[in-house]
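Listing of query02.txt; format and content: compact mmCIF, C-alpha atoms.
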# COMPACT_ATOMS: atom_id res chain seq x y z
CA MET A 1 -100.06 -47.00 3.57
CA VAL A 2 -102.89 -46.40 1.15
CA ASP A 3 -105.93 -48.61 1.53
CA PRO A 4 -105.88 -51.26 -1.25
CA GLU A 5 -109.51 -50.50 -2.14
CA LEU A 6 -108.68 -46.80 -2.53
CA LEU A 7 -105.65 -47.64 -4.67
CA LYS A 8 -107.91 -49.51 -7.09
CA ILE A 9 -109.88 -46.35 -7.87
CA LEU A 10 -107.15 -43.69 -7.74
CA VAL A 11 -106.01 -42.25 -11.07
CA CYS A 12 -103.71 -39.46 -12.16
CA PRO A 13 -105.75 -36.23 -12.00
CA GLU A 14 -104.22 -35.02 -15.26
CA LYS A 15 -104.24 -38.06 -17.56
CA LYS A 16 -106.85 -40.17 -15.72
CA THR A 17 -104.49 -43.15 -15.98
CA PRO A 18 -103.86 -45.67 -13.18
CA VAL A 19 -101.26 -45.11 -10.48
CA THR A 20 -99.26 -47.75 -8.62
CA LEU A 21 -97.34 -47.72 -5.37
CA ALA A 22 -93.73 -46.60 -5.75
CA ASP A 23 -91.22 -49.26 -4.78
CA ASP A 24 -88.73 -48.84 -1.94
CA ALA A 25 -85.82 -48.12 -4.31
CA LEU A 26 -87.65 -45.21 -5.95
CA MET A 27 -88.73 -43.79 -2.60
CA ALA A 28 -85.13 -43.99 -1.36
CA LYS A 29 -84.06 -41.87 -4.36
CA VAL A 30 -86.92 -39.44 -3.77
CA ASN A 31 -86.15 -38.95 -0.09
CA ALA A 32 -82.40 -38.66 -0.74
CA ALA A 33 -83.09 -35.91 -3.29
CA ILE A 34 -85.42 -34.15 -0.83
CA GLU A 35 -82.79 -34.30 1.92
CA ALA A 36 -80.20 -32.91 -0.50
CA GLY A 37 -82.52 -30.01 -1.33
CA ALA A 38 -82.52 -31.02 -4.98
CA LEU A 39 -86.13 -32.03 -5.63
CA LYS A 40 -88.82 -29.71 -6.98
CA ASN A 41 -92.47 -30.35 -7.62
CA ARG A 42 -94.21 -29.61 -10.88
CA ALA A 43 -94.96 -26.05 -9.75
CA GLY A 44 -91.21 -25.45 -9.35
CA GLN A 45 -91.25 -25.37 -5.55
CA LYS A 46 -88.60 -27.18 -3.56
CA VAL A 47 -89.94 -30.28 -1.80
CA GLU A 48 -88.77 -30.12 1.80
CA GLU A 49 -90.66 -32.85 3.67
CA THR A 50 -89.69 -36.50 3.13
CA ALA A 51 -92.46 -38.93 2.34
CA GLY A 52 -93.34 -42.42 3.49
CA GLY A 53 -94.53 -43.46 0.06
CA GLY A 54 -95.66 -42.41 -3.36
CA LEU A 55 -97.88 -43.26 -6.29
CA VAL A 56 -96.38 -43.42 -9.75
CA ARG A 57 -98.40 -42.51 -12.83
CA GLU A 58 -98.77 -45.34 -15.34
CA ASP A 59 -96.25 -43.78 -17.77
CA GLY A 60 -93.73 -43.31 -14.94
CA GLN A 61 -93.29 -39.57 -15.57
CA TYR A 62 -94.78 -38.28 -12.31
CA LEU A 63 -94.93 -39.31 -8.69
CA TYR A 64 -97.59 -38.24 -6.20
CA LEU A 65 -96.29 -38.28 -2.64
CA ILE A 66 -98.14 -39.95 0.22
CA ARG A 67 -98.08 -38.06 3.51
CA ASP A 68 -99.70 -39.38 6.68
CA ASP A 69 -101.27 -42.18 4.60
CA ILE A 70 -102.98 -39.60 2.36
CA PRO A 71 -102.06 -39.45 -1.35
CA ILE A 72 -101.46 -35.86 -2.46
CA MET A 73 -103.15 -36.07 -5.85
CA LEU A 74 -102.63 -32.48 -7.00
CA ILE A 75 -101.02 -31.86 -10.38
CA ASP A 76 -98.81 -29.00 -9.15
CA GLU A 77 -97.62 -31.11 -6.18
CA SER A 78 -96.55 -34.04 -8.36
CA ILE A 79 -92.84 -34.80 -8.74
CA PRO A 80 -91.36 -35.11 -12.23
CA THR A 81 -89.40 -38.36 -12.05
CA ASP A 82 -86.81 -37.21 -14.59
CA GLN A 83 -85.14 -35.39 -11.67
CA LEU A 84 -84.28 -38.77 -10.15
CA ALA A 85 -82.25 -40.16 -13.06
Structure encoded using structure tokens:
Amino acid sequence: MVDPELLKILVCPEKKTPVTLADDALMAKVNAAIEAGALKNRAGQKVEETAGGGLVREDGQYLYLIRDDIPIMLIDESIPTDQLA
């Protein structure tokens, strides 16, 4: 997972607000939606690769996936969490 020291300094690239690790329940929903072909990133592209973790923006509206222990902190790659309701 993400190094705890790195997590302390990571912020949302858009709002500059803190991010926290997504819990297992949220990641289960994310990966289920990816496997069903139903999840799109903010750029409108279908997300096809499941993720081992994620970082949630402070307001809970967006999730940044973690792949190979590297947070993908790009605005267009973020996942709108309203798709998971």
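Closest approach to Leu39 in chain A from the set A:Thr20, A:Met73, A:Asp3, A:Leu63 is made by A:Leu63, with distances taken over all atoms listed in the file.
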Query - Residues near Leu6 in chain A, cut-off 12 Å, all atoms listed in the file, skip fewer than 6 positions along chain, as JSON, numbers by chain - result: {"A": [18, 19, 20, 21, 55, 69, 70, 71]}
Report task. Can you pull out every residue within 12 Å of Lys16 in chain A, counting all atoms listed in the file, but drop anything in the same chain fewer than 6 positions away, and send it as number ranges by chain? Result -> A: 9-10, 57-59, 73, 75
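Here CA of Ala85 in chain A is placed at a distance of 25.8 Å from CA of Val2 in chain A.
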Requested in this report: Find the residues with any atom within 9 Å of (-96.6, -33.6, 5.2); use all atoms listed in the file and the coordinates as given in the file, and write the answer as a PyMOL selection string.
Outcome: chain A and resi 49-51+66-68
Could you put an axis-aligned box around every listed atom of range 26-33 of chain A, padded by 6 Å on each side, and send me its centre and edge lengths in Å to one decimal, as AutoDock Vina command-line options?
--center_x -85.6 --center_y -40.6 --center_z -3.0 --size_x 18.3 --size_y 21.3 --size_z 17.9
**Report entry** Nearest residue to Ala28 in chain A from the set A:Gly54, A:Tyr62, A:Val47, A:Glu5 (distances using all atoms listed in the file)
**Finding:**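 Closest candidate: A:Gly54.
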**Report entry** Straight-line distance linking CA of Ala33 in chain A with CA of Ser78 in chain A, stated in Å to one decimal
**Finding:**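 We find that CA of Ala33 in chain A and CA of Ser78 in chain A lie 14.5 Å from each other.
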Requested in this report: Identify which of the residues A:Glu48, A:Ala22, A:Val56, A:Val11 lies closest to Ile34 in chain A, counting only C-alpha atoms when measuring atom-to-atom distances.
Outcome: A:Glu48
